[in-house]
Amino acid sequence: AIQATSQGPARLGLPQLAATGAAGAKMGGEEKPAPDSKHFITGNQMYPPWPAGMEEAMFGMGCFWCSENLFMKMPGVFSTQVGYAGGSAPNPTYRQVCGGDTGHNEVVRVVFDPQAVGYAQLLKVFWETHDPTMKNRQGNDMGTQYRSGIYYYNDEQRKLAEETKERYSKAIGRPIVTEIVPAPEFYIAEDYHQQYDAKPGSRQYCGLRPLGVKLPE
């Protein structure tokens, strides 16, 4: 972390993993995953084009280490990548995003096989594993890069997102601040952030604050 107002203190010193990550091509001033990089868990590709039939989902729900960890081992998930979206500058670096000036959110992009896992199942994980009532904060992680967001790729995803938001708001009895907007351009994050929680030497940090309420059927 750079400062407590932009990141939780538990993320201090995170670049220690950079030395053990795969060598990446330089993009945006930092080491991004190389074009031929493979997902640490699934062994599948990290960049499109994806195999036929795959679909994408994108979520912001706090620290992207934590959110990726929730999706990357799910059956039916082909690949996941963490990155930055929804800001004003192209190819931002982690430190630029943490400064709060670019407006980007820390997001996870989930590439999934809809025949094996439905978008509704991904939304269930999204709602139940973070606090969507907190604006720009999850636990000790504070800043616009930790805002709750669903970034949809088609109208079906939009409808499901809005419908489940209404259901979950009723279930918890509180307003939800999650933004639901068309998927903005995705800028993949530095290599050492990818599948962070699965890698040897990771800090096992999770800043998400679920409410303990299930999404009603």
# chains A, B, ... in the order shown; residues from 1 in each chain; ligands from 1
>>> select_by_dssp(residues="chain A", states="alpha helix (DSSP H)", output="PyMOL selection string")
chain A and resi 64-71+94-98+119-128+155-172
>>> write_last_selection(atoms="C-alpha atoms", output="PDB file, in the first residue's frame")
ATOM      1  CA  PHE A  64      -8.698  -7.365  -6.751  1.00  0.00           C
ATOM      2  CA  TRP A  65      -6.465  -9.994  -5.159  1.00  0.00           C
ATOM      3  CA  CYS A  66      -9.454 -11.017  -3.067  1.00  0.00           C
ATOM      4  CA  SER A  67     -12.103 -10.823  -5.767  1.00  0.00           C
ATOM      5  CA  GLU A  68     -10.072 -12.853  -8.273  1.00  0.00           C
ATOM      6  CA  ASN A  69      -9.523 -15.533  -5.651  1.00  0.00           C
ATOM      7  CA  LEU A  70     -13.289 -16.027  -5.373  1.00  0.00           C
ATOM      8  CA  PHE A  71     -13.775 -16.744  -9.072  1.00  0.00           C
ATOM      9  CA  TYR A  94      -0.921   0.334 -10.012  1.00  0.00           C
ATOM     10  CA  ARG A  95       0.635   3.334  -8.302  1.00  0.00           C
ATOM     11  CA  GLN A  96      -1.270   5.748 -10.519  1.00  0.00           C
ATOM     12  CA  VAL A  97      -4.546   4.040  -9.691  1.00  0.00           C
ATOM     13  CA  CYS A  98      -3.720   4.036  -5.982  1.00  0.00           C
ATOM     14  CA  TYR A 119     -23.714 -15.527 -15.156  1.00  0.00           C
ATOM     15  CA  ALA A 120     -26.329 -15.720 -12.383  1.00  0.00           C
ATOM     16  CA  GLN A 121     -23.937 -17.935 -10.396  1.00  0.00           C
ATOM     17  CA  LEU A 122     -21.170 -15.384 -10.779  1.00  0.00           C
ATOM     18  CA  LEU A 123     -23.525 -12.657  -9.564  1.00  0.00           C
ATOM     19  CA  LYS A 124     -24.417 -14.737  -6.516  1.00  0.00           C
ATOM     20  CA  VAL A 125     -20.725 -14.870  -5.577  1.00  0.00           C
ATOM     21  CA  PHE A 126     -20.410 -11.136  -6.225  1.00  0.00           C
ATOM     22  CA  TRP A 127     -23.278 -10.080  -3.944  1.00  0.00           C
ATOM     23  CA  GLU A 128     -22.563 -12.530  -1.134  1.00  0.00           C
ATOM     24  CA  ASP A 155     -28.209  -6.663 -22.227  1.00  0.00           C
ATOM     25  CA  GLU A 156     -28.831 -10.041 -20.628  1.00  0.00           C
ATOM     26  CA  GLN A 157     -26.037  -9.399 -18.133  1.00  0.00           C
ATOM     27  CA  ARG A 158     -27.430  -5.921 -17.427  1.00  0.00           C
ATOM     28  CA  LYS A 159     -30.914  -7.255 -16.703  1.00  0.00           C
ATOM     29  CA  LEU A 160     -29.609  -9.984 -14.394  1.00  0.00           C
ATOM     30  CA  ALA A 161     -27.374  -7.503 -12.569  1.00  0.00           C
ATOM     31  CA  GLU A 162     -30.206  -5.048 -11.975  1.00  0.00           C
ATOM     32  CA  GLU A 163     -32.677  -7.749 -10.963  1.00  0.00           C
ATOM     33  CA  THR A 164     -30.303  -9.368  -8.467  1.00  0.00           C
ATOM     34  CA  LYS A 165     -29.340  -5.952  -7.088  1.00  0.00           C
ATOM     35  CA  GLU A 166     -32.985  -5.285  -6.271  1.00  0.00           C
ATOM     36  CA  ARG A 167     -33.370  -8.715  -4.666  1.00  0.00           C
ATOM     37  CA  TYR A 168     -30.235  -8.335  -2.570  1.00  0.00           C
ATOM     38  CA  SER A 169     -31.156  -4.836  -1.439  1.00  0.00           C
ATOM     39  CA  LYS A 170     -34.471  -6.155  -0.136  1.00  0.00           C
ATOM     40  CA  ALA A 171     -32.722  -9.064   1.572  1.00  0.00           C
ATOM     41  CA  ILE A 172     -30.295  -6.833   3.487  1.00  0.00           C
TER      42      ILE A 172
END
>>> closest_atom_pairs(of="region 94-149 of chain A", to="region 44-61 of chain A", cutoff="8 Å", atoms="only C-alpha atoms", output="Markdown table")
| residue | atom | partner | partner_atom | distance |
| --- | --- | --- | --- | --- |
| A:Asn105 | CA | A:Gly60 | CA | 6.5 |
| A:Glu106 | CA | A:Gly60 | CA | 6.0 |
| A:Val107 | CA | A:Gly60 | CA | 4.4 |
| A:Val108 | CA | A:Phe59 | CA | 5.5 |
| A:Arg109 | CA | A:Met58 | CA | 4.5 |
| A:Val110 | CA | A:Ala57 | CA | 5.0 |
| A:Val111 | CA | A:Glu56 | CA | 4.6 |
| A:Phe112 | CA | A:Glu55 | CA | 5.4 |
| A:Asp113 | CA | A:Met54 | CA | 4.9 |
| A:Pro114 | CA | A:Glu55 | CA | 6.9 |
| A:Tyr119 | CA | A:Ala57 | CA | 7.7 |
| A:Phe126 | CA | A:Met61 | CA | 7.5 |
| A:His130 | CA | A:Met61 | CA | 6.4 |
| A:Asp131 | CA | A:Met61 | CA | 7.9 |
| A:Pro132 | CA | A:Met61 | CA | 7.7 |
| A:Gln138 | CA | A:Met61 | CA | 7.8 |
| A:Tyr146 | CA | A:Met61 | CA | 6.3 |
| A:Arg147 | CA | A:Met61 | CA | 6.2 |
| A:Ser148 | CA | A:Met61 | CA | 4.6 |
| A:Gly149 | CA | A:Gly60 | CA | 4.7 |
>>> atom_distance(atom1="CA of Pro182 (chain A)", atom2="CA of Gly83 (chain A)")
16.2 Å
>>> atom_distance(atom1="CA of Glu185 (chain A)", atom2="CA of Val82 (chain A)")
12.7 Å
>>> atom_distance(atom1="CA of His193 (chain A)", atom2="CA of Glu31 (chain A)")
10.4 Å
>>> select_by_dssp(residues="region 91-147 of chain A", states="strand (DSSP E or B)", output="mmCIF file with N, CA, C and O atoms, in the first residue's frame")
data_model
loop_
_atom_site.group_PDB
_atom_site.id
_atom_site.type_symbol
_atom_site.label_atom_id
_atom_site.label_comp_id
_atom_site.auth_asym_id
_atom_site.auth_seq_id
_atom_site.Cartn_x
_atom_site.Cartn_y
_atom_site.Cartn_z
ATOM 1 N N ASN A 105 -11.091 1.656 -11.332
ATOM 2 C CA ASN A 105 -11.471 0.704 -10.303
ATOM 3 C C ASN A 105 -10.584 -0.529 -10.431
ATOM 4 O O ASN A 105 -10.166 -0.884 -11.531
ATOM 5 N N GLU A 106 -10.275 -1.168 -9.313
ATOM 6 C CA GLU A 106 -9.616 -2.477 -9.342
ATOM 7 C C GLU A 106 -10.691 -3.500 -9.683
ATOM 8 O O GLU A 106 -11.670 -3.641 -8.946
ATOM 9 N N VAL A 107 -10.517 -4.223 -10.784
ATOM 10 C CA VAL A 107 -11.547 -5.154 -11.233
ATOM 11 C C VAL A 107 -10.954 -6.525 -11.526
ATOM 12 O O VAL A 107 -9.742 -6.681 -11.712
ATOM 13 N N VAL A 108 -11.847 -7.505 -11.572
ATOM 14 C CA VAL A 108 -11.487 -8.837 -12.050
ATOM 15 C C VAL A 108 -12.324 -9.128 -13.286
ATOM 16 O O VAL A 108 -13.530 -8.894 -13.303
ATOM 17 N N ARG A 109 -11.648 -9.593 -14.351
ATOM 18 C CA ARG A 109 -12.351 -10.042 -15.552
ATOM 19 C C ARG A 109 -12.412 -11.559 -15.501
ATOM 20 O O ARG A 109 -11.384 -12.225 -15.337
ATOM 21 N N VAL A 110 -13.606 -12.090 -15.621
ATOM 22 C CA VAL A 110 -13.827 -13.532 -15.540
ATOM 23 C C VAL A 110 -14.225 -14.043 -16.923
ATOM 24 O O VAL A 110 -15.203 -13.561 -17.512
ATOM 25 N N VAL A 111 -13.464 -14.977 -17.437
ATOM 26 C CA VAL A 111 -13.773 -15.613 -18.713
ATOM 27 C C VAL A 111 -14.369 -16.975 -18.383
ATOM 28 O O VAL A 111 -13.717 -17.807 -17.742
ATOM 29 N N PHE A 112 -15.609 -17.198 -18.805
ATOM 30 C CA PHE A 112 -16.319 -18.402 -18.349
ATOM 31 C C PHE A 112 -17.076 -19.065 -19.479
ATOM 32 O O PHE A 112 -17.413 -18.447 -20.491
ATOM 33 N N ARG A 137 -15.174 1.745 -0.473
ATOM 34 C CA ARG A 137 -14.459 1.150 0.659
ATOM 35 C C ARG A 137 -14.857 -0.313 0.845
ATOM 36 O O ARG A 137 -16.005 -0.689 0.671
ATOM 37 N N GLN A 138 -13.860 -1.132 1.203
ATOM 38 C CA GLN A 138 -14.077 -2.477 1.714
ATOM 39 C C GLN A 138 -13.100 -2.670 2.858
ATOM 40 O O GLN A 138 -11.887 -2.695 2.647
ATOM 41 N N ASP A 141 -9.534 -0.995 3.169
ATOM 42 C CA ASP A 141 -9.190 -0.484 1.854
ATOM 43 C C ASP A 141 -10.143 0.647 1.477
ATOM 44 O O ASP A 141 -11.348 0.425 1.318
ATOM 45 N N MET A 142 -9.601 1.842 1.330
ATOM 46 C CA MET A 142 -10.428 3.010 1.050
ATOM 47 C C MET A 142 -9.939 3.734 -0.197
ATOM 48 O O MET A 142 -8.734 3.869 -0.410
#
>>> closest_residue(among="A:Thr102, A:Ser88, A:Asn140, A:Thr93", to="Tyr205 (chain A)", atoms="only C-alpha atoms")
A:Asn140
>>> closest_residue(among="A:Ser202, A:Asn154, A:Thr42, A:Thr129", to="Gln81 (chain A)", atoms="only C-alpha atoms")
A:Thr42
>>> decode(residues="region 158-169 of chain A", atoms="all heavy atoms", output="tab-separated table (two decimals), in the first residue's frame")
chain	number	residue	atom	x	y	z
A	158	ARG	N	-26.90	-7.12	-18.09
A	158	ARG	CA	-27.43	-5.92	-17.43
A	158	ARG	C	-28.71	-6.24	-16.67
A	158	ARG	O	-28.87	-5.84	-15.51
A	158	ARG	CB	-27.69	-4.82	-18.45
A	158	ARG	CG	-28.30	-3.55	-17.85
A	158	ARG	CD	-28.75	-2.57	-18.91
A	158	ARG	NE	-29.80	-3.12	-19.76
A	158	ARG	CZ	-31.08	-3.17	-19.42
A	158	ARG	NH1	-31.49	-2.74	-18.24
A	158	ARG	NH2	-31.97	-3.69	-20.25
A	159	LYS	N	-29.63	-6.94	-17.33
A	159	LYS	CA	-30.91	-7.26	-16.70
A	159	LYS	C	-30.73	-8.11	-15.46
A	159	LYS	O	-31.36	-7.88	-14.42
A	159	LYS	CB	-31.83	-7.96	-17.71
A	159	LYS	CG	-32.33	-7.06	-18.83
A	159	LYS	CD	-33.16	-7.84	-19.83
A	159	LYS	CE	-33.66	-6.93	-20.95
A	159	LYS	NZ	-34.42	-7.70	-21.98
A	160	LEU	N	-29.86	-9.12	-15.55
A	160	LEU	CA	-29.61	-9.98	-14.39
A	160	LEU	C	-28.96	-9.20	-13.25
A	160	LEU	O	-29.29	-9.40	-12.07
A	160	LEU	CB	-28.72	-11.16	-14.80
A	160	LEU	CG	-29.42	-12.35	-15.45
A	160	LEU	CD1	-28.39	-13.33	-16.01
A	160	LEU	CD2	-30.33	-13.05	-14.44
A	161	ALA	N	-28.04	-8.30	-13.59
A	161	ALA	CA	-27.37	-7.50	-12.57
A	161	ALA	C	-28.38	-6.61	-11.84
A	161	ALA	O	-28.38	-6.53	-10.60
A	161	ALA	CB	-26.28	-6.65	-13.21
A	162	GLU	N	-29.23	-5.95	-12.59
A	162	GLU	CA	-30.21	-5.05	-11.98
A	162	GLU	C	-31.24	-5.81	-11.16
A	162	GLU	O	-31.64	-5.37	-10.07
A	162	GLU	CB	-30.88	-4.20	-13.05
A	162	GLU	CG	-29.92	-3.20	-13.70
A	162	GLU	CD	-30.54	-2.44	-14.85
A	162	GLU	OE1	-31.64	-2.86	-15.32
A	162	GLU	OE2	-29.96	-1.43	-15.28
A	163	GLU	N	-31.67	-6.96	-11.67
A	163	GLU	CA	-32.68	-7.75	-10.96
A	163	GLU	C	-32.12	-8.32	-9.65
A	163	GLU	O	-32.78	-8.28	-8.61
A	163	GLU	CB	-33.16	-8.87	-11.89
A	163	GLU	CG	-34.34	-9.66	-11.35
A	163	GLU	CD	-33.94	-10.87	-10.55
A	163	GLU	OE1	-32.89	-11.45	-10.87
A	163	GLU	OE2	-34.65	-11.22	-9.59
A	164	THR	N	-30.88	-8.82	-9.69
A	164	THR	CA	-30.30	-9.37	-8.47
A	164	THR	C	-29.94	-8.26	-7.48
A	164	THR	O	-30.00	-8.47	-6.26
A	164	THR	CB	-29.06	-10.22	-8.78
A	164	THR	OG1	-28.13	-9.46	-9.56
A	164	THR	CG2	-29.44	-11.49	-9.52
A	165	LYS	N	-29.60	-7.09	-7.98
A	165	LYS	CA	-29.34	-5.95	-7.09
A	165	LYS	C	-30.59	-5.61	-6.29
A	165	LYS	O	-30.53	-5.39	-5.07
A	165	LYS	CB	-28.89	-4.74	-7.89
A	165	LYS	CG	-28.69	-3.48	-7.06
A	165	LYS	CD	-28.30	-2.29	-7.92
A	165	LYS	CE	-28.17	-1.01	-7.09
A	165	LYS	NZ	-27.79	0.16	-7.93
A	166	GLU	N	-31.72	-5.59	-6.96
A	166	GLU	CA	-32.98	-5.29	-6.27
A	166	GLU	C	-33.31	-6.35	-5.23
A	166	GLU	O	-33.71	-6.05	-4.10
A	166	GLU	CB	-34.11	-5.19	-7.30
A	166	GLU	CG	-35.45	-4.81	-6.70
A	166	GLU	CD	-36.55	-4.65	-7.73
A	166	GLU	OE1	-36.23	-4.66	-8.94
A	166	GLU	OE2	-37.73	-4.52	-7.33
A	167	ARG	N	-33.10	-7.62	-5.61
A	167	ARG	CA	-33.37	-8.72	-4.67
A	167	ARG	C	-32.47	-8.64	-3.45
A	167	ARG	O	-32.90	-8.85	-2.31
A	167	ARG	CB	-33.16	-10.07	-5.37
A	167	ARG	CG	-34.42	-10.65	-5.97
A	167	ARG	CD	-34.21	-12.10	-6.30
A	167	ARG	NE	-33.48	-12.30	-7.53
A	167	ARG	CZ	-32.66	-13.32	-7.75
A	167	ARG	NH1	-32.42	-14.22	-6.81
A	167	ARG	NH2	-32.06	-13.45	-8.91
A	168	TYR	N	-31.17	-8.35	-3.69
A	168	TYR	CA	-30.23	-8.33	-2.57
A	168	TYR	C	-30.48	-7.13	-1.67
A	168	TYR	O	-30.34	-7.22	-0.44
A	168	TYR	CB	-28.79	-8.35	-3.07
A	168	TYR	CG	-27.83	-8.85	-2.02
A	168	TYR	CD1	-27.92	-10.15	-1.53
A	168	TYR	CD2	-26.83	-8.03	-1.51
A	168	TYR	CE1	-27.06	-10.62	-0.56
A	168	TYR	CE2	-25.94	-8.50	-0.53
A	168	TYR	CZ	-26.07	-9.79	-0.06
A	168	TYR	OH	-25.22	-10.25	0.91
A	169	SER	N	-30.86	-6.02	-2.24
A	169	SER	CA	-31.16	-4.84	-1.44
A	169	SER	C	-32.32	-5.11	-0.49
A	169	SER	O	-32.30	-4.71	0.68
A	169	SER	CB	-31.48	-3.65	-2.35
A	169	SER	OG	-31.75	-2.50	-1.60
